[in-house]
Structure formats: C-alpha cells, structure tokens
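Enquirer: If it helps, the file is called entry_19.csv and holds CSV, C-alpha atoms and all ligand atoms:
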chain,number,residue,atom,x,y,z
A,28,MET,CA,70.9,94.5,99.1
A,29,LYS,CA,68.4,95.8,101.7
A,30,TYR,CA,68.0,99.6,101.2
A,31,SER,CA,69.4,100.3,104.6
A,32,GLU,CA,72.7,98.4,104.1
A,33,HIS,CA,75.8,100.4,103.4
A,34,PHE,CA,74.2,103.6,104.8
A,35,ASP,CA,77.6,104.6,106.0
A,36,LYS,CA,78.9,104.6,102.4
A,37,LEU,CA,76.0,106.8,101.2
A,38,CYS,CA,76.6,109.2,104.1
A,39,ALA,CA,80.4,109.4,103.4
A,40,ALA,CA,79.7,110.4,99.8
A,41,LEU,CA,77.0,113.0,100.7
A,42,ASP,CA,79.2,114.4,103.3
A,43,GLY,CA,82.2,114.4,100.9
A,44,PRO,CA,82.4,114.7,97.1
A,45,GLY,CA,78.7,113.9,96.6
A,46,ALA,CA,76.6,111.4,94.7
A,47,PHE,CA,74.8,111.5,91.4
A,48,LEU,CA,71.0,112.1,90.9
A,49,VAL,CA,69.9,110.8,87.5
A,50,VAL,CA,66.6,111.8,85.9
A,51,GLU,CA,65.3,111.2,82.5
A,52,ASP,CA,63.0,113.5,80.4
A,53,LYS,CA,60.0,112.3,78.5
A,54,ILE,CA,62.0,111.5,75.4
A,55,GLY,CA,64.7,109.6,77.2
A,56,ARG,CA,67.4,112.3,77.5
A,57,VAL,CA,69.2,111.7,80.8
A,58,ASN,CA,70.5,114.5,83.1
A,59,VAL,CA,73.0,113.9,85.9
A,60,MET,CA,73.3,116.3,88.8
A,61,THR,CA,75.6,116.1,91.9
A,62,ILE,CA,73.8,116.1,95.2
A,63,GLY,CA,75.0,116.4,98.8
A,64,TRP,CA,71.6,116.4,100.5
A,65,ALA,CA,69.6,113.2,100.7
A,66,GLN,CA,68.1,110.9,103.3
A,67,ILE,CA,67.0,107.3,103.6
A,68,GLY,CA,64.3,106.1,105.9
A,69,VAL,CA,60.7,105.0,106.2
A,70,VAL,CA,57.7,107.2,105.2
A,71,TRP,CA,54.2,106.0,104.5
A,72,GLY,CA,55.4,102.5,105.4
A,73,GLN,CA,57.7,102.5,102.4
A,74,PRO,CA,61.5,102.6,102.1
A,75,ILE,CA,62.1,106.2,100.9
A,76,MET,CA,65.1,108.1,99.5
A,77,THR,CA,64.5,111.8,99.9
A,78,VAL,CA,66.4,114.3,97.7
A,79,LEU,CA,66.4,118.1,98.0
A,80,VAL,CA,66.6,120.1,94.8
A,81,ARG,CA,66.6,123.9,94.3
A,82,PRO,CA,64.1,125.2,91.7
A,83,SER,CA,66.9,126.8,89.7
A,84,ARG,CA,68.3,123.4,88.8
A,85,HIS,CA,67.4,121.8,85.4
A,86,THR,CA,66.9,118.6,87.5
A,87,HIS,CA,64.0,120.4,89.2
A,88,ASP,CA,62.2,120.9,85.9
A,89,LEU,CA,62.8,117.2,85.0
A,90,LEU,CA,61.6,115.9,88.4
A,91,SER,CA,58.3,117.8,88.1
A,92,LYS,CA,57.5,115.6,85.1
A,93,ALA,CA,59.3,112.4,85.9
A,94,SER,CA,58.1,109.1,87.4
A,95,HIS,CA,61.4,107.8,88.6
A,96,PHE,CA,65.0,108.8,89.6
A,97,THR,CA,68.1,107.1,90.7
A,98,VAL,CA,70.8,108.0,93.2
A,99,CYS,CA,74.2,106.6,92.2
A,100,VAL,CA,77.2,106.6,94.6
A,101,PRO,CA,80.7,106.2,93.2
A,102,ARG,CA,83.3,104.1,95.0
A,103,PRO,CA,85.3,106.1,97.6
A,104,GLY,CA,87.6,108.5,95.7
A,105,GLY,CA,86.1,107.5,92.4
A,106,MET,CA,84.6,109.7,89.7
A,107,GLN,CA,85.8,112.9,91.4
A,108,LYS,CA,86.0,114.9,88.1
A,109,GLU,CA,82.6,113.8,87.0
A,110,LEU,CA,81.1,114.7,90.4
A,111,ALA,CA,82.7,118.2,90.2
A,112,TYR,CA,81.5,118.6,86.6
A,113,CYS,CA,77.9,117.5,87.2
A,114,GLY,CA,77.8,119.8,90.2
A,115,THR,CA,78.8,122.9,88.4
A,116,ARG,CA,77.3,122.6,84.9
A,117,SER,CA,73.6,122.6,84.1
A,118,GLY,CA,71.8,120.2,81.9
A,119,LYS,CA,70.0,123.2,80.4
A,120,GLU,CA,73.3,123.8,78.5
A,121,TYR,CA,75.3,120.6,78.5
A,122,ASP,CA,74.7,116.9,77.9
A,123,LYS,CA,76.6,116.0,81.0
A,124,ALA,CA,76.2,112.2,80.6
A,125,ARG,CA,77.8,112.4,77.2
A,126,VAL,CA,80.6,114.7,78.2
A,127,CYS,CA,81.4,112.5,81.2
A,128,GLY,CA,81.3,109.4,79.0
A,129,PHE,CA,78.9,107.6,81.3
A,130,THR,CA,77.5,104.3,80.3
A,131,LEU,CA,73.9,104.3,81.3
A,132,LYS,CA,72.1,101.1,82.2
A,133,GLU,CA,68.4,100.4,82.1
A,134,GLY,CA,66.8,99.9,85.5
A,135,TYR,CA,63.5,98.9,86.9
A,136,GLY,CA,60.8,98.3,84.3
A,137,HIS,CA,62.8,100.3,81.8
A,138,LYS,CA,61.6,103.4,83.5
A,139,VAL,CA,64.9,104.5,85.0
A,140,LYS,CA,68.6,104.7,84.1
A,141,TYR,CA,71.7,104.5,86.3
A,142,ILE,CA,75.4,105.0,85.9
A,143,ASP,CA,77.5,102.0,85.3
A,144,GLY,CA,80.6,101.8,87.6
A,145,CYS,CA,79.0,103.2,90.7
A,146,GLU,CA,79.2,101.2,93.8
A,147,LEU,CA,75.7,101.8,95.2
A,148,VAL,CA,72.6,102.4,93.1
A,149,TYR,CA,69.1,103.3,94.5
A,150,GLN,CA,66.3,103.1,91.9
A,151,CYS,CA,63.4,105.2,93.1
A,152,GLU,CA,59.8,105.8,92.1
A,153,LEU,CA,58.6,109.3,92.8
A,154,TYR,CA,56.1,109.0,95.6
A,155,GLY,CA,55.5,112.5,96.9
A,156,THR,CA,56.9,116.0,96.9
A,157,THR,CA,56.8,119.1,99.1
A,158,ASP,CA,58.4,122.5,99.3
A,159,LEU,CA,60.7,123.1,102.3
A,160,ALA,CA,58.9,125.4,104.8
A,161,VAL,CA,61.9,127.7,105.2
A,162,GLU,CA,60.2,129.9,107.8
A,163,THR,CA,60.3,126.8,110.1
A,164,ALA,CA,64.0,126.2,109.6
A,165,ALA,CA,66.7,127.1,112.1
A,166,GLN,CA,68.0,130.7,111.6
A,167,PRO,CA,71.7,129.7,111.0
A,168,ALA,CA,70.5,127.3,108.2
A,169,VAL,CA,68.3,130.0,106.6
A,170,SER,CA,71.1,132.6,106.7
A,171,ARG,CA,73.6,130.2,105.3
A,172,TYR,CA,71.6,128.6,102.5
A,173,TYR,CA,68.8,131.1,101.7
A,174,PRO,CA,70.5,134.5,102.3
A,175,GLY,CA,68.3,136.1,99.5
A,176,GLY,CA,65.2,134.3,100.7
A,177,GLY,CA,64.7,132.5,97.5
A,178,ASP,CA,65.5,129.3,95.6
A,179,ILE,CA,64.3,127.2,98.4
A,180,HIS,CA,64.7,123.4,98.0
A,181,THR,CA,61.9,121.2,96.9
A,182,VAL,CA,61.8,117.8,98.7
A,183,TYR,CA,61.2,114.8,96.6
A,184,PHE,CA,60.3,111.4,98.2
A,185,GLY,CA,61.3,108.4,96.1
A,186,LYS,CA,60.2,104.9,97.0
A,187,ILE,CA,63.3,102.7,96.7
A,188,VAL,CA,62.2,100.0,94.3
A,189,LYS,CA,65.7,98.5,94.1
A,190,ALA,CA,68.9,99.0,96.0
A,191,GLU,CA,72.1,97.4,94.7
A,192,LYS,CA,75.8,97.2,95.5
A,193,PHE,CA,78.2,96.5,92.7
A,201,LIG,C1,79.1,118.4,96.1
A,201,LIG,C2,77.9,119.1,95.6
A,201,LIG,C3,76.6,118.8,96.2
A,201,LIG,C4,75.5,119.4,95.7
A,201,LIG,N1,74.3,119.2,96.3
A,201,LIG,C5,73.1,119.7,95.8
A,201,LIG,C6,71.8,119.4,96.3
A,201,LIG,O1,71.7,118.5,97.2
A,201,LIG,N2,70.8,120.0,95.8
A,201,LIG,C7,70.8,120.9,94.9
A,201,LIG,O2,69.8,121.5,94.5
A,201,LIG,N3,72.0,121.3,94.3
A,201,LIG,C8,73.2,120.7,94.7
A,201,LIG,N4,74.4,121.0,94.1
A,201,LIG,C9,74.4,121.9,93.0
A,201,LIG,C10,74.0,121.2,91.7
A,201,LIG,O3,74.7,120.0,91.5
A,201,LIG,C11,74.5,122.2,90.5
A,201,LIG,O4,73.8,123.4,90.6
A,201,LIG,C12,74.2,121.5,89.1
A,201,LIG,O5,74.9,122.3,88.2
A,201,LIG,C13,72.7,121.5,88.8
A,201,LIG,O6,72.6,120.8,87.5
A,201,LIG,P1,71.3,120.8,86.6
A,201,LIG,O7,71.0,122.2,86.3
A,201,LIG,O8,71.7,120.0,85.4
A,201,LIG,O9,70.2,120.1,87.4
A,201,LIG,C14,75.6,120.3,94.6
A,201,LIG,C15,76.8,120.6,94.0
A,201,LIG,C16,77.9,120.0,94.5
A,201,LIG,C17,79.3,120.2,93.8
Now, as a test, write the supplied structure out as structure tokens.
Expert:
Amino acid sequence: MKYSEHFDKLCAALDGPGAFLVVEDKIGRVNVMTIGWAQIGVVWGQPIMTVLVRPSRHTHDLLSKASHFTVCVPRPGGMQKELAYCGTRSGKEYDKARVCGFTLKEGYGHKVKYIDGCELVYQCELYGTTDLAVETAAQPAVSRYYPGGGDIHTVYFGKIVKAEKF
C-alpha cells in the first residue's frame, strides 16, 4: 500500500491501545515496545515515520545502534494483552516477543522483523534522530510529560521502505 493509506487506522491505534515498535539488536534479538506517539509525513523528500522514545527505555539503547525498525499495528481490538504487556515490561528484563508468543517475520533485505498477525506494518530505515527541545514545548505538555525535567523523548525519523496492509 502507499504509506499514507489507512492513516486513520494508525491514528486510532496510537490514540487508543497503541502500536508495536520492533527493534533488533546486533545479534538478532528482537525487542517489542508499545508506542502511542508517532507521526507519518514527508521529511527530506522522503516518506517518514517518526517515533518518540524516552532514554529510559531499552528500545532507546537498541535504536541508537540499529539501522531499521518496524511499527506494527494490530487489528482494532486485537492483541490488547500483548500491547499492555509490551508497554509495561522492559526488554532489559524480559524477552517480550517470546512471552507474547509472537511469530516474527523477516522484512526488507533481512534487516528488519515484524509481528505476524498485525494489520498494518511499516518497515523503516533509520534516517535521522534528534532530541526533543523541551524548553520550546508548550508549558502544559512540559508539566504533564516532564514534571521532573528529565527523560525527554528522542525523536527517531525512519524512512518508510515498505508499508503493508494484511
Ligand atoms: C499505550 C502505551 C503507549 C506508550 N507510548 C510510548 C511512547 O510513545 N514512547 C515511549 O518512550 N514510551 C511509551 N510507552 C511506554 C513503554 O512502552 C514502556 O515503558 C515499555 O516498558 C518500554 O519497553 P522497553 O524498555 O523494552 O523499551 C507507552 C506505553 C503504553 C502502555
């Protein structure tokens, strides 16, 4: 599909139970984290998926060394337990893909994996990163999301190399 198709489904997931962010380490171990913050659009003339990850997440460590990631969106109402689990446990302590019983499929150029059974899958090549300039954010957002002033999201830009609906 074109990356911009089914945008409403992506937004419904992000606004609701979440979607999965899947990243692999250098020796092929996969970590799955639930996300609620992401964007699709055009940057540098490329179709880009942006994800925002706090430095405290294991996923943050993995993304700093990764070349690719995927965003996988379950069908509406699907994989609720898995979304809750992957959004409350850390890959530092748990093999979440194994506990959830996910079947992982090989993606683009064998560089990326995605979760079988999801409705939408965006395979992304890491294309840039920046730290959120929290001092420029609106005060209500700062008070709500960074009350202690730390753990400020890093923004990762992924070029969407393949977008699929299953
Ligand atoms: C619905 C939902 C949405 C979430 N969205 C994000 C997000 O966009 N960015 C983020 O850094 N953490 C987010 N989290 C928290 C992480 O999923 C959670 O801290 C997770 O345990 C981190 O896993 P990791 O340490 O294996 O990376 C979300 C959690 C839930 C339940």
Enquirer: Just want the residues within 6 Å of ligand LIG 201 (chain A), written as a list in words, counting all atoms listed in the file.
Expert: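 Selection of residues at most 6 Å from ligand LIG 201 (chain A): Pro44, Gly45, Met60, Thr61, Ile62, Gly63, Trp64, Leu79, Val80, Arg81, Arg84, His85, Thr86, Ala111, Cys113, Gly114, Thr115, Arg116, Ser117 and Gly118 of chain A.
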Enquirer: May I have the residues within 10 Å of Val126 in chain A as a list in words, using only C-alpha atoms and disregarding those fewer than 4 positions away in the same chain?
Expert: Glu109, Tyr112, Cys113, Tyr121 and Asp122 of chain A
Enquirer: Nearest to Tyr141 in chain A: which of A:Gly43, A:Pro82, A:Pro167, A:Pro101 is it, counting only C-alpha atoms?
Expert: A:Pro101
Enquirer: List the neighbours of Thr156 in chain A out to 7 Å using only C-alpha atoms; skip same-chain residues closer than 4 positions along the sequence, and give me the result as an MDAnalysis selection string.
Expert: chainID A and resid 182:184
Enquirer: Please compute the CA of Ser83 in chain A-CA of Cys127 in chain A distance, one decimal, in Å.
Expert: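 CA of Cys127 in chain A lies 22.1 Å from CA of Ser83 in chain A.
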Enquirer: Determine the nearest neighbour of Phe34 in chain A from the options A:Ala65, A:Val57, A:Val70, A:Val49, counting only C-alpha atoms.
Expert: A:Ala65
Enquirer: For Leu153 in chain A, which residue out of A:Leu131, A:Val169, A:Ala124, A:Ile187 is the nearest one, using only C-alpha atoms?
Expert: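 Comparing A:Leu131, A:Val169, A:Ala124, A:Ile187 against Leu153 in chain A, the winner is A:Ile187.
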Enquirer: What is the distance between CA of Ala40 in chain A and CA of Ala165 in chain A, in Å to one decimal?
Expert: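 Rounded to one decimal, the two atoms are 24.5 Å apart.
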Enquirer: Kindly extract all protein, DNA and RNA residues lying within 12 Å of the coordinates (60.4, 128.8, 105.5) given in the file, considering all atoms listed in the file, and supply them as a PyMOL selection string.
Expert: chain A and resi 158-166+168-170+172-173+176-181
Enquirer: In Å to one decimal, how far is CA of Phe96 in chain A from CA of Tyr149 in chain A?
Expert: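 So the two atoms, CA of Tyr149 in chain A and CA of Phe96 in chain A, lie 8.4 Å apart.
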Enquirer: A:Ser94, A:Thr157, A:Gln107, A:Thr130: which is nearest Val78 in chain A, counting only C-alpha atoms?
Expert: A:Thr157
